[in-house]
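A.B. asks: Input structure_35.txt, format and content: compact mmCIF, N, CA and C atoms and all ligand atoms.
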# COMPACT_ATOMS: atom_id res chain seq x y z
N MET A 1 33.64 -32.15 -47.53
CA MET A 1 34.15 -31.56 -48.77
C MET A 1 34.21 -30.04 -48.67
N ALA A 2 33.19 -29.43 -48.09
CA ALA A 2 33.11 -27.97 -48.06
C ALA A 2 33.50 -27.42 -46.69
N ALA A 3 34.33 -28.15 -45.98
CA ALA A 3 34.67 -27.74 -44.62
C ALA A 3 35.35 -26.37 -44.56
N MET A 4 36.16 -26.08 -45.56
CA MET A 4 36.88 -24.82 -45.55
C MET A 4 36.16 -23.71 -46.33
N GLN A 5 34.94 -24.00 -46.71
CA GLN A 5 34.19 -23.04 -47.51
C GLN A 5 34.02 -21.71 -46.79
N ARG A 6 34.26 -20.65 -47.51
CA ARG A 6 34.07 -19.34 -46.91
C ARG A 6 32.60 -18.94 -46.99
N GLY A 7 32.22 -18.08 -46.11
CA GLY A 7 30.83 -17.69 -46.03
C GLY A 7 30.35 -16.87 -47.21
N ILE A 8 31.27 -16.10 -47.79
CA ILE A 8 30.87 -15.21 -48.86
C ILE A 8 31.27 -15.78 -50.21
N LYS A 9 30.28 -15.99 -51.03
CA LYS A 9 30.55 -16.47 -52.38
C LYS A 9 30.28 -15.34 -53.35
N PRO A 10 31.14 -15.19 -54.31
CA PRO A 10 30.83 -14.17 -55.32
C PRO A 10 29.66 -14.64 -56.17
N ILE A 11 28.74 -13.75 -56.41
CA ILE A 11 27.55 -14.07 -57.19
C ILE A 11 27.42 -13.04 -58.30
N ARG A 12 27.13 -13.53 -59.47
CA ARG A 12 26.92 -12.63 -60.61
C ARG A 12 25.54 -12.89 -61.19
N THR A 13 25.03 -11.91 -61.87
CA THR A 13 23.69 -12.03 -62.45
C THR A 13 23.78 -12.03 -63.96
N CYS A 14 23.14 -13.02 -64.56
CA CYS A 14 23.09 -13.11 -66.02
C CYS A 14 22.29 -11.94 -66.57
N ILE A 15 22.85 -11.24 -67.57
CA ILE A 15 22.16 -10.08 -68.12
C ILE A 15 20.94 -10.46 -68.94
N VAL A 16 20.78 -11.76 -69.24
CA VAL A 16 19.65 -12.19 -70.07
C VAL A 16 18.51 -12.71 -69.20
N CYS A 17 18.78 -13.74 -68.40
CA CYS A 17 17.68 -14.36 -67.65
C CYS A 17 17.63 -13.87 -66.20
N ARG A 18 18.62 -13.06 -65.79
CA ARG A 18 18.64 -12.44 -64.46
C ARG A 18 18.78 -13.43 -63.31
N LYS A 19 19.23 -14.65 -63.64
CA LYS A 19 19.51 -15.61 -62.57
C LYS A 19 20.86 -15.28 -61.96
N SER A 20 20.96 -15.39 -60.65
CA SER A 20 22.23 -15.16 -59.97
C SER A 20 22.96 -16.47 -59.80
N GLN A 21 24.24 -16.47 -60.15
CA GLN A 21 25.02 -17.70 -60.07
C GLN A 21 26.45 -17.39 -59.70
N GLU A 22 27.18 -18.46 -59.37
CA GLU A 22 28.61 -18.30 -59.16
C GLU A 22 29.25 -17.98 -60.51
N PRO A 23 30.31 -17.18 -60.47
CA PRO A 23 30.95 -16.79 -61.74
C PRO A 23 31.40 -17.97 -62.59
N SER A 24 31.70 -19.11 -61.98
CA SER A 24 32.17 -20.25 -62.76
C SER A 24 31.08 -20.78 -63.69
N GLN A 25 29.82 -20.47 -63.38
CA GLN A 25 28.70 -20.93 -64.21
C GLN A 25 28.38 -19.96 -65.34
N LEU A 26 29.04 -18.83 -65.31
CA LEU A 26 28.70 -17.78 -66.27
C LEU A 26 29.90 -17.40 -67.12
N LEU A 27 29.59 -16.75 -68.20
CA LEU A 27 30.60 -16.27 -69.12
C LEU A 27 30.72 -14.76 -68.91
N ARG A 28 31.95 -14.27 -68.84
CA ARG A 28 32.12 -12.83 -68.69
C ARG A 28 32.52 -12.23 -70.03
N VAL A 29 31.89 -11.13 -70.36
CA VAL A 29 32.28 -10.42 -71.58
C VAL A 29 32.58 -8.97 -71.25
N ASN A 30 33.42 -8.38 -72.08
CA ASN A 30 33.73 -6.97 -71.96
C ASN A 30 33.33 -6.27 -73.24
N CYS A 31 33.18 -4.99 -73.13
CA CYS A 31 32.95 -4.19 -74.33
C CYS A 31 34.18 -3.30 -74.52
N VAL A 32 34.95 -3.62 -75.54
CA VAL A 32 36.18 -2.87 -75.82
C VAL A 32 36.01 -2.15 -77.15
N ASP A 33 35.97 -0.84 -77.10
CA ASP A 33 35.80 -0.02 -78.31
C ASP A 33 34.60 -0.47 -79.14
N GLY A 34 33.50 -0.78 -78.47
CA GLY A 34 32.29 -1.15 -79.18
C GLY A 34 32.25 -2.60 -79.65
N VAL A 35 33.26 -3.38 -79.26
CA VAL A 35 33.31 -4.78 -79.66
C VAL A 35 33.08 -5.65 -78.42
N ILE A 36 32.09 -6.53 -78.49
CA ILE A 36 31.83 -7.44 -77.38
C ILE A 36 32.86 -8.57 -77.44
N THR A 37 33.62 -8.69 -76.37
CA THR A 37 34.75 -9.62 -76.34
C THR A 37 34.67 -10.50 -75.11
N PRO A 38 34.65 -11.82 -75.28
CA PRO A 38 34.67 -12.69 -74.11
C PRO A 38 35.95 -12.49 -73.31
N THR A 39 35.83 -12.41 -72.02
CA THR A 39 36.99 -12.23 -71.17
C THR A 39 37.68 -13.58 -70.99
N SER A 40 38.98 -13.61 -71.19
CA SER A 40 39.68 -14.87 -70.97
C SER A 40 40.80 -14.67 -69.96
N GLY A 41 41.07 -15.72 -69.22
CA GLY A 41 42.17 -15.70 -68.27
C GLY A 41 41.98 -14.74 -67.11
N GLY A 42 40.73 -14.39 -66.83
CA GLY A 42 40.45 -13.55 -65.68
C GLY A 42 40.84 -12.09 -65.85
N LYS A 43 41.37 -11.75 -67.02
CA LYS A 43 41.73 -10.35 -67.25
C LYS A 43 40.52 -9.61 -67.80
N SER A 44 40.28 -8.47 -67.28
CA SER A 44 39.14 -7.72 -67.79
C SER A 44 39.59 -6.34 -68.23
N HIS A 45 38.85 -5.81 -69.15
CA HIS A 45 39.15 -4.48 -69.66
C HIS A 45 37.90 -3.64 -69.49
N GLY A 46 37.90 -2.80 -68.51
CA GLY A 46 36.75 -1.92 -68.32
C GLY A 46 35.53 -2.67 -67.83
N ARG A 47 34.40 -2.24 -68.29
CA ARG A 47 33.13 -2.77 -67.85
C ARG A 47 32.94 -4.21 -68.29
N GLY A 48 32.36 -5.01 -67.42
CA GLY A 48 32.09 -6.39 -67.77
C GLY A 48 30.61 -6.72 -67.60
N ALA A 49 30.18 -7.74 -68.28
CA ALA A 49 28.82 -8.24 -68.10
C ALA A 49 28.91 -9.76 -68.04
N TRP A 50 27.95 -10.35 -67.37
CA TRP A 50 27.95 -11.81 -67.18
C TRP A 50 26.72 -12.41 -67.80
N LEU A 51 26.89 -13.58 -68.39
CA LEU A 51 25.73 -14.29 -68.91
C LEU A 51 26.04 -15.78 -69.05
N HIS A 52 24.98 -16.58 -69.16
CA HIS A 52 25.15 -18.00 -69.41
C HIS A 52 25.55 -18.20 -70.86
N LEU A 53 26.34 -19.20 -71.09
CA LEU A 53 26.68 -19.57 -72.46
C LEU A 53 25.39 -19.83 -73.24
N SER A 54 24.45 -20.53 -72.58
CA SER A 54 23.20 -20.87 -73.24
C SER A 54 22.30 -19.66 -73.48
N CYS A 55 22.61 -18.56 -72.82
CA CYS A 55 21.83 -17.33 -73.03
C CYS A 55 22.47 -16.44 -74.09
N GLY A 56 23.60 -16.88 -74.64
CA GLY A 56 24.36 -16.05 -75.57
C GLY A 56 23.57 -15.59 -76.79
N TYR A 57 22.88 -16.54 -77.43
CA TYR A 57 22.14 -16.16 -78.63
C TYR A 57 20.92 -15.31 -78.30
N ILE A 58 20.35 -15.56 -77.14
CA ILE A 58 19.21 -14.75 -76.71
C ILE A 58 19.67 -13.31 -76.48
N ALA A 59 20.87 -13.18 -75.89
CA ALA A 59 21.43 -11.85 -75.66
C ALA A 59 21.56 -11.09 -76.97
N ILE A 60 21.99 -11.80 -78.02
CA ILE A 60 22.14 -11.16 -79.33
C ILE A 60 20.77 -10.74 -79.85
N ASP A 61 19.79 -11.64 -79.76
CA ASP A 61 18.43 -11.34 -80.23
C ASP A 61 17.82 -10.15 -79.51
N ARG A 62 18.04 -10.12 -78.21
CA ARG A 62 17.40 -9.06 -77.42
C ARG A 62 18.23 -7.79 -77.33
N LYS A 63 19.37 -7.79 -77.98
CA LYS A 63 20.28 -6.65 -77.89
C LYS A 63 20.62 -6.32 -76.44
N ALA A 64 20.84 -7.40 -75.67
CA ALA A 64 21.08 -7.24 -74.24
C ALA A 64 22.37 -6.50 -73.93
N PHE A 65 23.35 -6.61 -74.83
CA PHE A 65 24.63 -5.96 -74.55
C PHE A 65 24.54 -4.45 -74.66
N LYS A 66 23.71 -4.01 -75.57
CA LYS A 66 23.56 -2.57 -75.77
C LYS A 66 23.10 -1.92 -74.47
N SER A 67 22.14 -2.53 -73.80
CA SER A 67 21.67 -1.95 -72.55
C SER A 67 22.60 -2.27 -71.38
N ALA A 68 23.19 -3.46 -71.39
CA ALA A 68 24.09 -3.82 -70.29
C ALA A 68 25.30 -2.89 -70.23
N PHE A 69 25.79 -2.49 -71.38
CA PHE A 69 26.96 -1.61 -71.42
C PHE A 69 26.58 -0.15 -71.65
N LYS A 70 25.25 0.09 -71.67
CA LYS A 70 24.75 1.45 -71.86
C LYS A 70 25.34 2.11 -73.11
N LEU A 71 25.28 1.36 -74.20
CA LEU A 71 25.85 1.84 -75.45
C LEU A 71 24.82 2.65 -76.22
N GLU A 72 25.31 3.59 -77.00
CA GLU A 72 24.40 4.37 -77.83
C GLU A 72 24.17 3.69 -79.17
N GLN A 73 25.16 2.92 -79.59
CA GLN A 73 25.03 2.21 -80.85
C GLN A 73 25.14 0.71 -80.59
N ALA A 74 24.57 -0.07 -81.48
CA ALA A 74 24.66 -1.52 -81.32
C ALA A 74 26.13 -1.94 -81.37
N PRO A 75 26.55 -2.80 -80.47
CA PRO A 75 27.95 -3.22 -80.47
C PRO A 75 28.26 -4.21 -81.58
N ASP A 76 29.54 -4.39 -81.82
CA ASP A 76 30.01 -5.38 -82.79
C ASP A 76 30.01 -6.75 -82.11
N LEU A 77 29.19 -7.65 -82.64
CA LEU A 77 29.03 -8.96 -81.99
C LEU A 77 29.75 -10.08 -82.74
N SER A 78 30.50 -9.74 -83.77
CA SER A 78 31.09 -10.79 -84.59
C SER A 78 32.03 -11.70 -83.80
N LYS A 79 32.86 -11.09 -82.96
CA LYS A 79 33.78 -11.89 -82.14
C LYS A 79 33.01 -12.81 -81.19
N PHE A 80 31.99 -12.24 -80.59
CA PHE A 80 31.19 -12.98 -79.63
C PHE A 80 30.47 -14.15 -80.29
N LYS A 81 29.97 -13.92 -81.50
CA LYS A 81 29.26 -15.00 -82.22
C LYS A 81 30.20 -16.15 -82.54
N VAL A 82 31.41 -15.81 -82.98
CA VAL A 82 32.40 -16.85 -83.29
C VAL A 82 32.71 -17.65 -82.03
N PHE A 83 32.90 -16.93 -80.94
CA PHE A 83 33.19 -17.56 -79.65
C PHE A 83 32.07 -18.51 -79.24
N LEU A 84 30.84 -18.03 -79.35
CA LEU A 84 29.67 -18.85 -78.98
C LEU A 84 29.59 -20.12 -79.83
N ASP A 85 29.76 -19.94 -81.13
CA ASP A 85 29.70 -21.09 -82.03
C ASP A 85 30.72 -22.14 -81.63
N GLU A 86 31.94 -21.68 -81.34
CA GLU A 86 33.00 -22.62 -80.99
C GLU A 86 32.73 -23.30 -79.65
N ARG A 87 32.31 -22.52 -78.68
CA ARG A 87 32.06 -23.07 -77.35
C ARG A 87 30.91 -24.07 -77.36
N LEU A 88 29.84 -23.74 -78.07
CA LEU A 88 28.67 -24.61 -78.08
C LEU A 88 28.96 -25.89 -78.85
N LYS A 89 29.79 -25.78 -79.86
CA LYS A 89 30.18 -26.97 -80.61
C LYS A 89 31.01 -27.91 -79.73
N SER A 90 32.00 -27.34 -79.04
CA SER A 90 32.93 -28.19 -78.29
C SER A 90 32.29 -28.75 -77.01
N ASP A 91 31.22 -28.12 -76.55
CA ASP A 91 30.55 -28.63 -75.35
C ASP A 91 29.67 -29.83 -75.64
N ASN A 92 29.31 -30.00 -76.90
CA ASN A 92 28.40 -31.09 -77.22
C ASN A 92 29.13 -32.37 -77.59
ZN ZN A 101 21.13 -16.65 -68.31
Can I see the file as structure tokens?

C.D. replies:
Amino acid sequence: MAAMQRGIKPIRTCIVCRKSQEPSQLLRVNCVDGVITPTSGGKSHGRGAWLHLSCGYIAIDRKAFKSAFKLEQAPDLSKFKVFLDERLKSDN
């Protein structure tokens, strides 16, 4: 199955639990004008951060995005919360 596998796999680290994983296991978010926005379709805008879907609410509790994006003010998480709610609902 993995005969053509390349030696180098991209690995990303979750900003919440610090586990390193393949990007397919993680969710990528961007911070655009102070708004935390899930990246879709592989397009990114500026700085990105990676985290597990299951770590999403913990990230909000711990204000993980503020430090991950080196923000001076708490970011707007409303979009991210809606996204999390929808994703967690549809996964169950
Ligand atoms: Zn995690």

A.B. asks: Please list as a PyMOL selection string every residue within 5 Å of region 28-33 of chain A, counting all atoms listed in the file and excluding residues in the same chain fewer than 2 positions away.

C.D. replies: chain A and resi 26+35-39+47-50

A.B. asks: I need the residues of chain A that end up classed as strand (DSSP E or B) by DSSP on the backbone, written out as a list in words.

C.D. replies: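 Assigned to strand (DSSP E or B), within chain A: Arg12, Thr13, Ser20, Gln21, Leu27, Arg28, Val29, Asn30, Cys31, Val32, Val35, Ile36, Thr37, Pro38, Gly48, Ala49, Trp50, Leu51 and Asp76 of chain A.
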
A.B. asks: Compile a residue-level contact table for chain A against ligand ZN 101 (chain A) at a cut-off of 7 Å, reporting for every qualifying residue the shortest atom pair and its distance in Å to one decimal, with all atoms listed in the file counted, rows ordered by chain and ascending number, as a tab-separated table.

C.D. replies:
residue	atom	partner	partner_atom	distance
A:Thr13	C	A:ZN101	ZN	6.9
A:Cys14	CA	A:ZN101	ZN	4.6
A:Ile15	N	A:ZN101	ZN	5.7
A:Val16	C	A:ZN101	ZN	4.8
A:Cys17	N	A:ZN101	ZN	3.7
A:Arg18	N	A:ZN101	ZN	5.1
A:Lys19	N	A:ZN101	ZN	5.4
A:Leu51	C	A:ZN101	ZN	5.0
A:His52	N	A:ZN101	ZN	3.9
A:Leu53	N	A:ZN101	ZN	6.4
A:Ser54	C	A:ZN101	ZN	6.1
A:Cys55	CA	A:ZN101	ZN	4.8
A:Gly56	N	A:ZN101	ZN	6.8

A.B. asks: Write out as a ChimeraX atom specification the residues lying within 7 Å of Pro10 (chain A), counting all atoms listed in the file and excluding same-chain residues fewer than 6 positions away.

C.D. replies: /A:21-23

A.B. asks: Kindly save the residues from that selection, with N, CA and C atoms included, as a CSV table (one decimal), keeping the file's coordinate frame.

C.D. replies:
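Final output, again.csv:
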chain,number,residue,atom,x,y,z
A,21,GLN,N,24.2,-16.5,-60.2
A,21,GLN,CA,25.0,-17.7,-60.1
A,21,GLN,C,26.4,-17.4,-59.7
A,22,GLU,N,27.2,-18.5,-59.4
A,22,GLU,CA,28.6,-18.3,-59.2
A,22,GLU,C,29.2,-18.0,-60.5
A,23,PRO,N,30.3,-17.2,-60.5
A,23,PRO,CA,31.0,-16.8,-61.7
A,23,PRO,C,31.4,-18.0,-62.6

A.B. asks: What is the distance between atom C of Gly46 (chain A) and atom N of Arg62 (chain A), in Å to one decimal?

C.D. replies: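 Rounded to one decimal, the two atoms are 21.7 Å apart.
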
A.B. asks: What's the separation between atom C of Asp76 (chain A) and atom N of Lys89 (chain A), in Å to one decimal place?

C.D. replies: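 For atom C of Asp76 (chain A) relative to atom N of Lys89 (chain A), the distance reads 19.2 Å.
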
A.B. asks: CA of Arg87 (chain A) and CA of Lys70 (chain A), how far apart in Å?

C.D. replies: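 Answer for the CA of Lys70 (chain A) to CA of Arg87 (chain A) separation: 26.2 Å.
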
A.B. asks: Quick one: DSSP alpha helix (DSSP H) residues in chain A, as a compact mmCIF listing (two decimals) with N, CA and C atoms, in the coordinates of the input?

C.D. replies:
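Writing done, so here's part-v8.txt:
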# COMPACT_ATOMS: atom_id res chain seq x y z
N GLY A 56 23.60 -16.88 -74.64
CA GLY A 56 24.36 -16.05 -75.57
C GLY A 56 23.57 -15.59 -76.79
N TYR A 57 22.88 -16.54 -77.43
CA TYR A 57 22.14 -16.16 -78.63
C TYR A 57 20.92 -15.31 -78.30
N ILE A 58 20.35 -15.56 -77.14
CA ILE A 58 19.21 -14.75 -76.71
C ILE A 58 19.67 -13.31 -76.48
N ALA A 59 20.87 -13.18 -75.89
CA ALA A 59 21.43 -11.85 -75.66
C ALA A 59 21.56 -11.09 -76.97
N ILE A 60 21.99 -11.80 -78.02
CA ILE A 60 22.14 -11.16 -79.33
C ILE A 60 20.77 -10.74 -79.85
N ASP A 61 19.79 -11.64 -79.76
CA ASP A 61 18.43 -11.34 -80.23
C ASP A 61 17.82 -10.15 -79.51
N ALA A 64 20.84 -7.40 -75.67
CA ALA A 64 21.08 -7.24 -74.24
C ALA A 64 22.37 -6.50 -73.93
N PHE A 65 23.35 -6.61 -74.83
CA PHE A 65 24.63 -5.96 -74.55
C PHE A 65 24.54 -4.45 -74.66
N LYS A 66 23.71 -4.01 -75.57
CA LYS A 66 23.56 -2.57 -75.77
C LYS A 66 23.10 -1.92 -74.47
N SER A 67 22.14 -2.53 -73.80
CA SER A 67 21.67 -1.95 -72.55
C SER A 67 22.60 -2.27 -71.38
N ALA A 68 23.19 -3.46 -71.39
CA ALA A 68 24.09 -3.82 -70.29
C ALA A 68 25.30 -2.89 -70.23
N SER A 78 30.50 -9.74 -83.77
CA SER A 78 31.09 -10.79 -84.59
C SER A 78 32.03 -11.70 -83.80
N LYS A 79 32.86 -11.09 -82.96
CA LYS A 79 33.78 -11.89 -82.14
C LYS A 79 33.01 -12.81 -81.19
N PHE A 80 31.99 -12.24 -80.59
CA PHE A 80 31.19 -12.98 -79.63
C PHE A 80 30.47 -14.15 -80.29
N LYS A 81 29.97 -13.92 -81.50
CA LYS A 81 29.26 -15.00 -82.22
C LYS A 81 30.20 -16.15 -82.54
N VAL A 82 31.41 -15.81 -82.98
CA VAL A 82 32.40 -16.85 -83.29
C VAL A 82 32.71 -17.65 -82.03
N PHE A 83 32.90 -16.93 -80.94
CA PHE A 83 33.19 -17.56 -79.65
C PHE A 83 32.07 -18.51 -79.24
N LEU A 84 30.84 -18.03 -79.35
CA LEU A 84 29.67 -18.85 -78.98
C LEU A 84 29.59 -20.12 -79.83
N ASP A 85 29.76 -19.94 -81.13
CA ASP A 85 29.70 -21.09 -82.03
C ASP A 85 30.72 -22.14 -81.63
N GLU A 86 31.94 -21.68 -81.34
CA GLU A 86 33.00 -22.62 -80.99
C GLU A 86 32.73 -23.30 -79.65
N ARG A 87 32.31 -22.52 -78.68
CA ARG A 87 32.06 -23.07 -77.35
C ARG A 87 30.91 -24.07 -77.36
N LEU A 88 29.84 -23.74 -78.07
CA LEU A 88 28.67 -24.61 -78.08
C LEU A 88 28.96 -25.89 -78.85
N LYS A 89 29.79 -25.78 -79.86
CA LYS A 89 30.18 -26.97 -80.61
C LYS A 89 31.01 -27.91 -79.73
N SER A 90 32.00 -27.34 -79.04
CA SER A 90 32.93 -28.19 -78.29
C SER A 90 32.29 -28.75 -77.01
N ASP A 91 31.22 -28.12 -76.55
CA ASP A 91 30.55 -28.63 -75.35
C ASP A 91 29.67 -29.83 -75.64

A.B. asks: Using the atoms already present, construct all heavy atoms for region 52-63 of chain A and hand them back as a compact mmCIF listing (two decimals), keeping the file's coordinate frame.

C.D. replies:
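Here's the written file rebuild10.txt:
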# COMPACT_ATOMS: atom_id res chain seq x y z
N HIS A 52 24.98 -16.58 -69.16
CA HIS A 52 25.15 -18.00 -69.41
C HIS A 52 25.55 -18.20 -70.86
O HIS A 52 25.08 -17.47 -71.74
CB HIS A 52 23.84 -18.75 -69.18
CG HIS A 52 23.35 -18.73 -67.77
ND1 HIS A 52 22.34 -17.91 -67.35
CD2 HIS A 52 23.77 -19.43 -66.69
CE1 HIS A 52 22.14 -18.11 -66.06
NE2 HIS A 52 23.00 -19.02 -65.63
N LEU A 53 26.34 -19.20 -71.09
CA LEU A 53 26.68 -19.57 -72.46
C LEU A 53 25.39 -19.83 -73.24
O LEU A 53 25.23 -19.40 -74.37
CB LEU A 53 27.56 -20.83 -72.42
CG LEU A 53 28.32 -21.19 -73.69
CD1 LEU A 53 29.26 -20.06 -74.09
CD2 LEU A 53 29.09 -22.47 -73.47
N SER A 54 24.45 -20.53 -72.58
CA SER A 54 23.20 -20.87 -73.24
C SER A 54 22.30 -19.66 -73.48
O SER A 54 21.33 -19.74 -74.23
CB SER A 54 22.45 -21.92 -72.43
OG SER A 54 22.26 -21.45 -71.11
N CYS A 55 22.61 -18.56 -72.82
CA CYS A 55 21.83 -17.33 -73.03
C CYS A 55 22.47 -16.44 -74.09
O CYS A 55 21.95 -15.37 -74.40
CB CYS A 55 21.71 -16.54 -71.72
SG CYS A 55 20.62 -17.30 -70.51
N GLY A 56 23.60 -16.88 -74.64
CA GLY A 56 24.36 -16.05 -75.57
C GLY A 56 23.57 -15.59 -76.79
O GLY A 56 23.57 -14.41 -77.12
N TYR A 57 22.88 -16.54 -77.43
CA TYR A 57 22.14 -16.16 -78.63
C TYR A 57 20.92 -15.31 -78.30
O TYR A 57 20.51 -14.46 -79.07
CB TYR A 57 21.73 -17.41 -79.42
CG TYR A 57 22.90 -18.08 -80.08
CD1 TYR A 57 23.37 -19.31 -79.64
CD2 TYR A 57 23.56 -17.47 -81.15
CE1 TYR A 57 24.47 -19.92 -80.24
CE2 TYR A 57 24.65 -18.07 -81.75
CZ TYR A 57 25.10 -19.29 -81.29
OH TYR A 57 26.18 -19.88 -81.89
N ILE A 58 20.35 -15.56 -77.14
CA ILE A 58 19.21 -14.75 -76.71
C ILE A 58 19.67 -13.31 -76.48
O ILE A 58 18.98 -12.35 -76.82
CB ILE A 58 18.58 -15.34 -75.43
CG1 ILE A 58 18.20 -16.80 -75.65
CG2 ILE A 58 17.35 -14.54 -75.01
CD1 ILE A 58 17.85 -17.55 -74.37
N ALA A 59 20.87 -13.18 -75.89
CA ALA A 59 21.43 -11.85 -75.66
C ALA A 59 21.56 -11.09 -76.97
O ALA A 59 21.27 -9.89 -77.04
CB ALA A 59 22.78 -11.97 -74.97
N ILE A 60 21.99 -11.80 -78.02
CA ILE A 60 22.14 -11.16 -79.33
C ILE A 60 20.77 -10.74 -79.85
O ILE A 60 20.57 -9.61 -80.29
CB ILE A 60 22.84 -12.12 -80.32
CG1 ILE A 60 24.29 -12.35 -79.86
CG2 ILE A 60 22.79 -11.55 -81.73
CD1 ILE A 60 25.01 -13.47 -80.62
N ASP A 61 19.79 -11.64 -79.76
CA ASP A 61 18.43 -11.34 -80.23
C ASP A 61 17.82 -10.15 -79.51
O ASP A 61 17.16 -9.31 -80.11
CB ASP A 61 17.51 -12.55 -79.98
CG ASP A 61 17.67 -13.60 -81.08
OD1 ASP A 61 18.42 -13.34 -82.03
OD2 ASP A 61 17.04 -14.66 -80.95
N ARG A 62 18.04 -10.12 -78.21
CA ARG A 62 17.40 -9.06 -77.42
C ARG A 62 18.23 -7.79 -77.33
O ARG A 62 17.87 -6.87 -76.61
CB ARG A 62 17.18 -9.57 -76.00
CG ARG A 62 16.16 -10.66 -75.90
CD ARG A 62 15.83 -10.86 -74.44
NE ARG A 62 15.09 -12.08 -74.21
CZ ARG A 62 14.93 -12.63 -73.01
NH1 ARG A 62 15.50 -12.06 -71.95
NH2 ARG A 62 14.25 -13.73 -72.86
N LYS A 63 19.37 -7.79 -77.98
CA LYS A 63 20.28 -6.65 -77.89
C LYS A 63 20.62 -6.32 -76.44
O LYS A 63 20.67 -5.18 -76.00
CB LYS A 63 19.70 -5.42 -78.59
CG LYS A 63 19.41 -5.68 -80.06
CD LYS A 63 18.78 -4.47 -80.72
CE LYS A 63 18.69 -4.63 -82.23
NZ LYS A 63 17.85 -5.78 -82.63
